[in-house]
file coords-v9.pdb (PDB, C-alpha atoms, pLDDT in the B column)
MODEL        1
ATOM      1  CA  MET H  30       0.000   0.000   0.000  1.00 52.00           C
ATOM      2  CA  SER H  31       1.383   3.386  -0.946  1.00 62.00           C
ATOM      3  CA  THR H  32       1.771   6.270   1.474  1.00 70.00           C
ATOM      4  CA  PRO H  33      -1.068   8.760   1.030  1.00 76.00           C
ATOM      5  CA  ASP H  34      -0.303  12.279  -0.138  1.00 85.00           C
ATOM      6  CA  LEU H  35      -1.280  14.256   2.962  1.00 88.00           C
ATOM      7  CA  GLU H  36      -1.725  17.540   1.073  1.00 90.00           C
ATOM      8  CA  THR H  37      -4.229  15.905  -1.276  1.00 92.00           C
ATOM      9  CA  ILE H  38      -6.046  14.386   1.698  1.00 91.00           C
ATOM     10  CA  ARG H  39      -6.025  17.783   3.471  1.00 90.00           C
ATOM     11  CA  ALA H  40      -7.641  19.453   0.442  1.00 92.00           C
ATOM     12  CA  GLU H  41     -10.274  16.683   0.306  1.00 93.00           C
ATOM     13  CA  TYR H  42     -11.300  16.904   3.949  1.00 92.00           C
ATOM     14  CA  GLU H  43     -11.285  20.711   3.991  1.00 93.00           C
ATOM     15  CA  ALA H  44     -13.654  20.814   0.992  1.00 95.00           C
ATOM     16  CA  PHE H  45     -15.877  17.925   2.079  1.00 96.00           C
ATOM     17  CA  PRO H  46     -18.351  19.825   4.374  1.00 97.00           C
ATOM     18  CA  ALA H  47     -19.085  22.380   1.638  1.00 96.00           C
ATOM     19  CA  ARG H  48     -20.886  19.597  -0.270  1.00 96.00           C
ATOM     20  CA  PHE H  49     -23.666  19.693   2.341  1.00 97.00           C
ATOM     21  CA  GLN H  50     -26.175  22.297   3.550  1.00 97.00           C
ATOM     22  CA  SER H  51     -26.894  20.441   6.774  1.00 98.00           C
ATOM     23  CA  LEU H  52     -24.817  18.497   9.224  1.00 98.00           C
ATOM     24  CA  LEU H  53     -25.570  15.368  11.181  1.00 98.00           C
ATOM     25  CA  MET H  54     -25.059  15.808  14.892  1.00 98.00           C
ATOM     26  CA  ALA H  55     -24.773  13.572  17.939  1.00 98.00           C
ATOM     27  CA  THR H  56     -25.346  14.891  21.437  1.00 98.00           C
ATOM     28  CA  ALA H  57     -26.032  13.260  24.790  1.00 98.00           C
ATOM     29  CA  ASN H  58     -28.041  14.258  27.813  1.00 97.00           C
ATOM     30  CA  GLY H  59     -26.805  14.285  31.420  1.00 96.00           C
ATOM     31  CA  GLU H  60     -27.580  10.576  31.794  1.00 97.00           C
ATOM     32  CA  GLY H  61     -25.513   9.791  28.706  1.00 96.00           C
ATOM     33  CA  ASP H  62     -28.515   8.957  26.526  1.00 97.00           C
ATOM     34  CA  PRO H  63     -27.500   9.645  22.905  1.00 97.00           C
ATOM     35  CA  ASN H  64     -29.460  11.741  20.452  1.00 98.00           C
ATOM     36  CA  ALA H  65     -28.832  11.822  16.700  1.00 98.00           C
ATOM     37  CA  SER H  66     -30.211  14.725  14.704  1.00 98.00           C
ATOM     38  CA  TYR H  67     -29.397  17.218  11.997  1.00 98.00           C
ATOM     39  CA  ALA H  68     -29.329  20.964  11.508  1.00 98.00           C
ATOM     40  CA  ALA H  69     -28.783  23.420   8.690  1.00 98.00           C
ATOM     41  CA  TYR H  70     -25.434  25.132   9.163  1.00 98.00           C
ATOM     42  CA  VAL H  71     -23.175  27.932   8.080  1.00 98.00           C
ATOM     43  CA  ARG H  72     -19.443  27.853   8.481  1.00 97.00           C
ATOM     44  CA  HIS H  73     -17.130  30.626   9.532  1.00 96.00           C
ATOM     45  CA  GLY H  74     -13.464  29.666   9.641  1.00 93.00           C
ATOM     46  CA  VAL H  75     -13.315  26.164  11.109  1.00 93.00           C
ATOM     47  CA  ASP H  76     -16.441  26.702  13.237  1.00 97.00           C
ATOM     48  CA  PHE H  77     -19.931  25.462  12.388  1.00 98.00           C
ATOM     49  CA  TYR H  78     -22.984  27.498  13.380  1.00 98.00           C
ATOM     50  CA  ILE H  79     -26.436  26.028  13.836  1.00 98.00           C
ATOM     51  CA  TYR H  80     -29.705  27.795  14.608  1.00 98.00           C
ATOM     52  CA  VAL H  81     -31.898  25.369  16.556  1.00 98.00           C
ATOM     53  CA  SER H  82     -35.184  25.290  18.448  1.00 97.00           C
ATOM     54  CA  GLU H  83     -35.248  24.735  22.187  1.00 96.00           C
ATOM     55  CA  LEU H  84     -38.048  22.228  21.518  1.00 96.00           C
ATOM     56  CA  ALA H  85     -35.419  19.826  20.133  1.00 97.00           C
ATOM     57  CA  ALA H  86     -33.543  17.446  22.442  1.00 97.00           C
ATOM     58  CA  HIS H  87     -30.226  18.383  20.849  1.00 98.00           C
ATOM     59  CA  THR H  88     -30.630  22.028  21.915  1.00 98.00           C
ATOM     60  CA  LYS H  89     -31.076  21.072  25.560  1.00 98.00           C
ATOM     61  CA  ASN H  90     -28.109  18.689  25.288  1.00 98.00           C
ATOM     62  CA  LEU H  91     -25.920  21.401  23.758  1.00 98.00           C
ATOM     63  CA  ARG H  92     -26.908  23.856  26.490  1.00 97.00           C
ATOM     64  CA  GLU H  93     -26.363  21.399  29.347  1.00 97.00           C
ATOM     65  CA  GLN H  94     -23.399  19.335  28.113  1.00 98.00           C
ATOM     66  CA  GLY H  95     -21.596  21.824  25.875  1.00 98.00           C
ATOM     67  CA  LYS H  96     -20.386  19.336  23.303  1.00 98.00           C
ATOM     68  CA  ALA H  97     -21.396  17.571  20.130  1.00 98.00           C
ATOM     69  CA  SER H  98     -20.078  15.378  17.392  1.00 98.00           C
ATOM     70  CA  VAL H  99     -20.658  16.642  13.851  1.00 98.00           C
ATOM     71  CA  PHE H 100     -20.785  14.169  10.985  1.00 98.00           C
ATOM     72  CA  PHE H 101     -20.735  14.397   7.206  1.00 98.00           C
ATOM     73  CA  ILE H 102     -20.996  11.281   5.026  1.00 97.00           C
ATOM     74  CA  GLU H 103     -20.930  10.662   1.309  1.00 96.00           C
ATOM     75  CA  ASN H 104     -24.304   9.849  -0.223  1.00 94.00           C
ATOM     76  CA  GLU H 105     -24.802   6.114  -0.687  1.00 94.00           C
ATOM     77  CA  ALA H 106     -25.625   6.594  -4.383  1.00 92.00           C
ATOM     78  CA  ASP H 107     -22.312   8.415  -4.926  1.00 91.00           C
ATOM     79  CA  SER H 108     -20.202   5.832  -3.126  1.00 89.00           C
ATOM     80  CA  GLY H 109     -18.195   3.268  -5.035  1.00 87.00           C
ATOM     81  CA  ASN H 110     -18.441   0.905  -2.062  1.00 90.00           C
ATOM     82  CA  LEU H 111     -20.996   1.141   0.731  1.00 91.00           C
ATOM     83  CA  PHE H 112     -18.408  -0.021   3.305  1.00 91.00           C
ATOM     84  CA  ALA H 113     -15.918   2.669   2.327  1.00 91.00           C
ATOM     85  CA  ARG H 114     -18.040   5.822   2.111  1.00 94.00           C
ATOM     86  CA  ARG H 115     -16.105   9.045   2.610  1.00 96.00           C
ATOM     87  CA  ARG H 116     -16.939  10.526   5.990  1.00 97.00           C
ATOM     88  CA  LEU H 117     -15.763  13.249   8.300  1.00 97.00           C
ATOM     89  CA  THR H 118     -16.422  13.397  12.042  1.00 98.00           C
ATOM     90  CA  TYR H 119     -15.638  16.410  14.211  1.00 97.00           C
ATOM     91  CA  GLN H 120     -15.512  16.511  18.010  1.00 98.00           C
ATOM     92  CA  CYS H 121     -16.807  19.943  19.007  1.00 98.00           C
ATOM     93  CA  THR H 122     -17.315  22.210  21.958  1.00 98.00           C
ATOM     94  CA  ALA H 123     -20.697  23.967  21.810  1.00 98.00           C
ATOM     95  CA  HIS H 124     -20.997  27.674  22.649  1.00 98.00           C
ATOM     96  CA  HIS H 125     -24.296  29.526  22.888  1.00 98.00           C
ATOM     97  CA  VAL H 126     -24.208  32.834  20.983  1.00 98.00           C
ATOM     98  CA  ALA H 127     -26.564  35.293  22.663  1.00 97.00           C
ATOM     99  CA  ARG H 128     -28.895  37.607  20.767  1.00 95.00           C
ATOM    100  CA  GLY H 129     -27.529  41.125  20.735  1.00 92.00           C
ATOM    101  CA  GLU H 130     -23.911  40.036  20.247  1.00 91.00           C
ATOM    102  CA  GLY H 131     -22.244  41.185  17.035  1.00 92.00           C
ATOM    103  CA  GLU H 132     -21.403  37.592  16.214  1.00 95.00           C
ATOM    104  CA  PHE H 133     -25.127  36.696  16.404  1.00 96.00           C
ATOM    105  CA  ALA H 134     -26.154  39.328  13.859  1.00 95.00           C
ATOM    106  CA  ARG H 135     -23.292  38.468  11.489  1.00 97.00           C
ATOM    107  CA  ILE H 136     -24.044  34.744  11.517  1.00 97.00           C
ATOM    108  CA  ILE H 137     -27.825  35.180  11.235  1.00 96.00           C
ATOM    109  CA  ASP H 138     -27.163  37.330   8.153  1.00 95.00           C
ATOM    110  CA  ALA H 139     -25.057  34.484   6.754  1.00 96.00           C
ATOM    111  CA  PHE H 140     -27.952  32.078   7.408  1.00 97.00           C
ATOM    112  CA  SER H 141     -30.323  34.448   5.582  1.00 96.00           C
ATOM    113  CA  ASP H 142     -27.937  34.686   2.635  1.00 95.00           C
ATOM    114  CA  LYS H 143     -27.609  30.910   2.440  1.00 96.00           C
ATOM    115  CA  PHE H 144     -31.182  29.807   3.205  1.00 95.00           C
ATOM    116  CA  GLY H 145     -33.331  32.757   2.178  1.00 91.00           C
ATOM    117  CA  GLY H 146     -36.988  33.142   3.113  1.00 88.00           C
ATOM    118  CA  THR H 147     -37.182  30.504   5.815  1.00 92.00           C
ATOM    119  CA  MET H 148     -34.638  32.441   7.867  1.00 93.00           C
ATOM    120  CA  ASP H 149     -36.744  35.604   7.493  1.00 89.00           C
ATOM    121  CA  VAL H 150     -39.334  33.788   9.620  1.00 91.00           C
ATOM    122  CA  LEU H 151     -37.039  31.864  11.981  1.00 94.00           C
ATOM    123  CA  LYS H 152     -34.588  34.623  12.881  1.00 91.00           C
ATOM    124  CA  ASP H 153     -37.066  36.420  15.144  1.00 91.00           C
ATOM    125  CA  MET H 154     -38.416  33.318  16.866  1.00 91.00           C
ATOM    126  CA  GLN H 155     -37.358  33.500  20.495  1.00 93.00           C
ATOM    127  CA  ASP H 156     -37.274  29.720  21.011  1.00 95.00           C
ATOM    128  CA  PHE H 157     -34.465  29.423  18.437  1.00 97.00           C
ATOM    129  CA  HIS H 158     -30.873  29.680  19.585  1.00 97.00           C
ATOM    130  CA  LEU H 159     -27.583  30.090  17.784  1.00 98.00           C
ATOM    131  CA  TYR H 160     -24.751  27.726  18.688  1.00 98.00           C
ATOM    132  CA  ARG H 161     -21.166  27.793  17.548  1.00 98.00           C
ATOM    133  CA  LEU H 162     -19.731  24.296  17.273  1.00 98.00           C
ATOM    134  CA  GLN H 163     -15.993  24.688  17.645  1.00 97.00           C
ATOM    135  CA  PRO H 164     -14.109  21.626  16.383  1.00 97.00           C
ATOM    136  CA  HIS H 165     -11.012  20.534  18.265  1.00 96.00           C
ATOM    137  CA  LYS H 166     -10.381  17.199  16.545  1.00 96.00           C
ATOM    138  CA  ALA H 167     -11.609  15.379  13.452  1.00 96.00           C
ATOM    139  CA  THR H 168     -11.376  12.029  11.734  1.00 96.00           C
ATOM    140  CA  TYR H 169     -11.561  11.815   7.955  1.00 96.00           C
ATOM    141  CA  VAL H 170     -12.083   8.446   6.277  1.00 94.00           C
ATOM    142  CA  ALA H 171     -11.305   8.517   2.571  1.00 92.00           C
ATOM    143  CA  GLY H 172     -11.729   4.773   1.945  1.00 89.00           C
ATOM    144  CA  PHE H 173     -10.421   1.407   3.094  1.00 85.00           C
ATOM    145  CA  ALA H 174      -7.363   1.835   5.358  1.00 84.00           C
ATOM    146  CA  ARG H 175      -7.388   5.548   4.555  1.00 89.00           C
ATOM    147  CA  ALA H 176      -8.379   7.059   7.898  1.00 93.00           C
ATOM    148  CA  PHE H 177      -6.778  10.275   9.127  1.00 94.00           C
ATOM    149  CA  VAL H 178      -6.788  12.223  12.372  1.00 94.00           C
ATOM    150  CA  VAL H 179      -6.999  16.004  12.064  1.00 93.00           C
ATOM    151  CA  GLU H 180      -5.806  18.066  15.032  1.00 92.00           C
ATOM    152  CA  GLY H 181      -4.171  21.376  15.891  1.00 86.00           C
ATOM    153  CA  ASP H 182      -5.347  24.883  16.707  1.00 82.00           C
ATOM    154  CA  GLU H 183      -6.758  25.445  13.218  1.00 84.00           C
ATOM    155  CA  LEU H 184      -7.259  21.735  12.492  1.00 86.00           C
ATOM    156  CA  ASN H 185      -4.133  21.909  10.372  1.00 82.00           C
ATOM    157  CA  SER H 186      -2.230  18.838  11.586  1.00 83.00           C
ATOM    158  CA  LEU H 187      -3.011  15.660   9.665  1.00 87.00           C
ATOM    159  CA  ARG H 188      -1.738  12.149  10.295  1.00 89.00           C
ATOM    160  CA  HIS H 189      -2.583   8.757   8.892  1.00 89.00           C
ATOM    161  CA  LEU H 190      -4.491   6.900  11.591  1.00 82.00           C
ATOM    162  CA  ASN H 191      -3.562   3.383  10.553  1.00 69.00           C
ATOM    163  CA  ASP H 192      -0.649   2.985   8.204  1.00 52.00           C
ATOM    164  CA  VAL H 193      -0.558  -0.797   8.683  1.00 50.00           C
ATOM    165  CA  ALA H 194      -3.913  -1.327   6.932  1.00 50.00           C
ATOM    166  CA  HIS H 195      -6.496  -3.990   7.733  1.00 47.00           C
ATOM    167  CA  ARG H 196      -5.433  -7.474   8.829  1.00 55.00           C
ATOM    168  CA  ALA H 197      -6.930 -10.637   7.398  1.00 58.00           C
ATOM    169  CA  GLY H 198      -7.033 -14.200   8.754  1.00 60.00           C
ATOM    170  CA  SER H 199      -5.711 -15.831   5.581  1.00 59.00           C
ATOM    171  CA  ALA H 200      -3.470 -14.977   2.651  1.00 60.00           C
ATOM    172  CA  ASP H 201      -6.440 -15.210   0.259  1.00 61.00           C
ATOM    173  CA  THR H 202      -8.514 -12.802   2.363  1.00 57.00           C
ATOM    174  CA  GLN H 203      -5.500 -10.490   2.670  1.00 54.00           C
ATOM    175  CA  GLN H 204      -5.165 -10.349  -1.126  1.00 59.00           C
ATOM    176  CA  LYS H 205      -8.852  -9.458  -1.438  1.00 56.00           C
ATOM    177  CA  ALA H 206      -8.518  -6.816   1.283  1.00 54.00           C
ATOM    178  CA  ASP H 207      -5.467  -5.331  -0.460  1.00 53.00           C
ATOM    179  CA  ALA H 208      -7.463  -5.146  -3.699  1.00 55.00           C
ATOM    180  CA  LEU H 209     -10.268  -3.263  -1.921  1.00 55.00           C
ATOM    181  CA  GLN H 210      -7.811  -0.816  -0.380  1.00 51.00           C
ATOM    182  CA  ASN H 211      -6.207  -0.082  -3.716  1.00 52.00           C
ATOM    183  CA  ALA H 212      -9.498   0.215  -5.642  1.00 57.00           C
TER     184      ALA H 212
ENDMDL
END

call {"tool": "encode", "arguments": {"input": "coords-v9.pdb", "output": "structure tokens"}}
result
Amino acid sequence: MSTPDLETIRAEYEAFPARFQSLLMATANGEGDPNASYAAYVRHGVDFYIYVSELAAHTKNLREQGKASVFFIENEADSGNLFARRRLTYQCTAHHVARGEGEFARIIDAFSDKFGGTMDVLKDMQDFHLYRLQPHKATYVAGFARAFVVEGDELNSLRHLNDVAHRAGSADTQQKADALQNA
């Protein structure tokens, strides 16, 4: 297996979220019960912003726990192999952005620019809250045995997670696994 070109991988993972208008999100409550959901987002720098209703479980979890996992995954129809879909997972700290802050107005304007008329209605609803999801670590999977950890202050440090590849129980299975990895 050849060594991946980290600059090519960096360009891939940096561009990947722009393919989506919403993000998948995992949060947990104080008892550790998980909640999977989604939200429309805008991005500013490395941070993701979501505008969410307090009626949703994820909003309460963000407020009380202050963290979330953000997930982007390649569409099944676009994937060459269902088991090797491109995906990007961020571990984030969640920060509430209060109404009246300059950051709030700037980001709500970005939501209006991106999503139009719906935001004209939602932006004044008092049960909606703006959260900044600040990533501190990410994992990008570009295919079989092509998983990378992304770290650093600006998520600018990239390393191959597993440069030994997958292990098989027999030589025949190993040959098949090698073929998948190189496909």

call {"tool": "residues_around", "arguments": {"input": "coords-v9.pdb", "residues": "Glu60 of chain H", "least_positions_apart": "4", "cutoff": "12 Å", "atoms": "all atoms listed in the file", "output": "NGL selection string"}}
result
:H and (56 or 64 or 90 or 93-94)

call {"tool": "write_last_selection", "arguments": {"input": "coords-v9.pdb", "atoms": "C-alpha atoms", "output": "PDB file, in the coordinates of the input"}}
result
ATOM      1  CA  THR H  56     -25.346  14.891  21.437  1.00 98.00           C
ATOM      2  CA  ASN H  64     -29.460  11.741  20.452  1.00 98.00           C
ATOM      3  CA  ASN H  90     -28.109  18.689  25.288  1.00 98.00           C
ATOM      4  CA  GLU H  93     -26.363  21.399  29.347  1.00 97.00           C
ATOM      5  CA  GLN H  94     -23.399  19.335  28.113  1.00 98.00           C
TER       6      GLN H  94
END

call {"tool": "closest_residue", "arguments": {"input": "coords-v9.pdb", "among": "H:Lys152, H:Lys143, H:Arg175, H:Arg161", "to": "Arg115 of chain H", "atoms": "all atoms listed in the file"}}
result
H:Arg175

call {"tool": "resolve_selection", "arguments": {"input": "coords-v9.pdb", "expression": "the PyMOL selection byres ((chain H and resi 112) around 12)", "output": "list in words"}}
result
Ile102, Glu103, Glu105, Ser108, Gly109, Asn110, Leu111, Ala113, Arg114, Arg115, Arg116, Val170, Ala171, Gly172, Phe173, Ala174, Leu209 and Gln210 of chain H

call {"tool": "residues_near_point", "arguments": {"input": "coords-v9.pdb", "point": "(-33.7, 29.7, 9.4)", "cutoff": "12 Å", "atoms": "all atoms listed in the file", "output": "number ranges by chain"}}
result
H: 51, 68-71, 78-82, 136-154, 157-159

call {"tool": "closest_residue", "arguments": {"input": "coords-v9.pdb", "among": "H:Thr168, H:Tyr160, H:Thr122, H:Arg48", "to": "Glu180 of chain H", "atoms": "only C-alpha atoms"}}
result
H:Thr168

call {"tool": "residues_near_point", "arguments": {"input": "coords-v9.pdb", "point": "(-3.8, 15.9, 3.4)", "cutoff": "10 Å", "atoms": "all atoms listed in the file", "output": "ChimeraX atom specification"}}
result
/H:33-43,169,177,179,185-189

call {"tool": "atom_distance", "arguments": {"input": "coords-v9.pdb", "atom1": "atom CA of Thr118 of chain H", "atom2": "atom CA of Gly131 of chain H"}}
result
28.8 Å

call {"tool": "atom_distance", "arguments": {"input": "coords-v9.pdb", "atom1": "atom CA of Gln120 of chain H", "atom2": "atom CA of Pro164 of chain H"}}
result
5.5 Å

call {"tool": "resolve_selection", "arguments": {"input": "coords-v9.pdb", "expression": "the PyMOL selection byres ((chain H and resi 63) around 12)", "output": "PDB file with C-alpha atoms, in the frame of the given file"}}
result
ATOM      1  CA  MET H  54     -25.059  15.808  14.892  1.00 98.00           C
ATOM      2  CA  ALA H  55     -24.773  13.572  17.939  1.00 98.00           C
ATOM      3  CA  THR H  56     -25.346  14.891  21.437  1.00 98.00           C
ATOM      4  CA  ALA H  57     -26.032  13.260  24.790  1.00 98.00           C
ATOM      5  CA  ASN H  58     -28.041  14.258  27.813  1.00 97.00           C
ATOM      6  CA  GLY H  59     -26.805  14.285  31.420  1.00 96.00           C
ATOM      7  CA  GLU H  60     -27.580  10.576  31.794  1.00 97.00           C
ATOM      8  CA  GLY H  61     -25.513   9.791  28.706  1.00 96.00           C
ATOM      9  CA  ASP H  62     -28.515   8.957  26.526  1.00 97.00           C
ATOM     10  CA  ASN H  64     -29.460  11.741  20.452  1.00 98.00           C
ATOM     11  CA  ALA H  65     -28.832  11.822  16.700  1.00 98.00           C
ATOM     12  CA  SER H  66     -30.211  14.725  14.704  1.00 98.00           C
ATOM     13  CA  ALA H  86     -33.543  17.446  22.442  1.00 97.00           C
ATOM     14  CA  HIS H  87     -30.226  18.383  20.849  1.00 98.00           C
ATOM     15  CA  ASN H  90     -28.109  18.689  25.288  1.00 98.00           C
ATOM     16  CA  LEU H  91     -25.920  21.401  23.758  1.00 98.00           C
ATOM     17  CA  GLN H  94     -23.399  19.335  28.113  1.00 98.00           C
ATOM     18  CA  ALA H  97     -21.396  17.571  20.130  1.00 98.00           C
ATOM     19  CA  SER H  98     -20.078  15.378  17.392  1.00 98.00           C
TER      20      SER H  98
END

call {"tool": "closest_residue", "arguments": {"input": "coords-v9.pdb", "among": "H:Asp156, H:Val126, H:Asn104, H:Lys166", "to": "Ala85 of chain H", "atoms": "all atoms listed in the file"}}
result
H:Asp156

call {"tool": "atom_distance", "arguments": {"input": "coords-v9.pdb", "atom1": "atom CA of Asp107 of chain H", "atom2": "atom CA of Leu52 of chain H"}}
result
17.6 Å

call {"tool": "closest_residue", "arguments": {"input": "coords-v9.pdb", "among": "H:Phe45, H:Tyr67, H:Phe101, H:Phe77", "to": "Ala123 of chain H", "atoms": "only C-alpha atoms"}}
result
H:Phe77

call {"tool": "closest_residue", "arguments": {"input": "coords-v9.pdb", "among": "H:Val178, H:Ala127, H:Leu117, H:Ala106", "to": "Ala44 of chain H", "atoms": "only C-alpha atoms"}}
result
H:Leu117
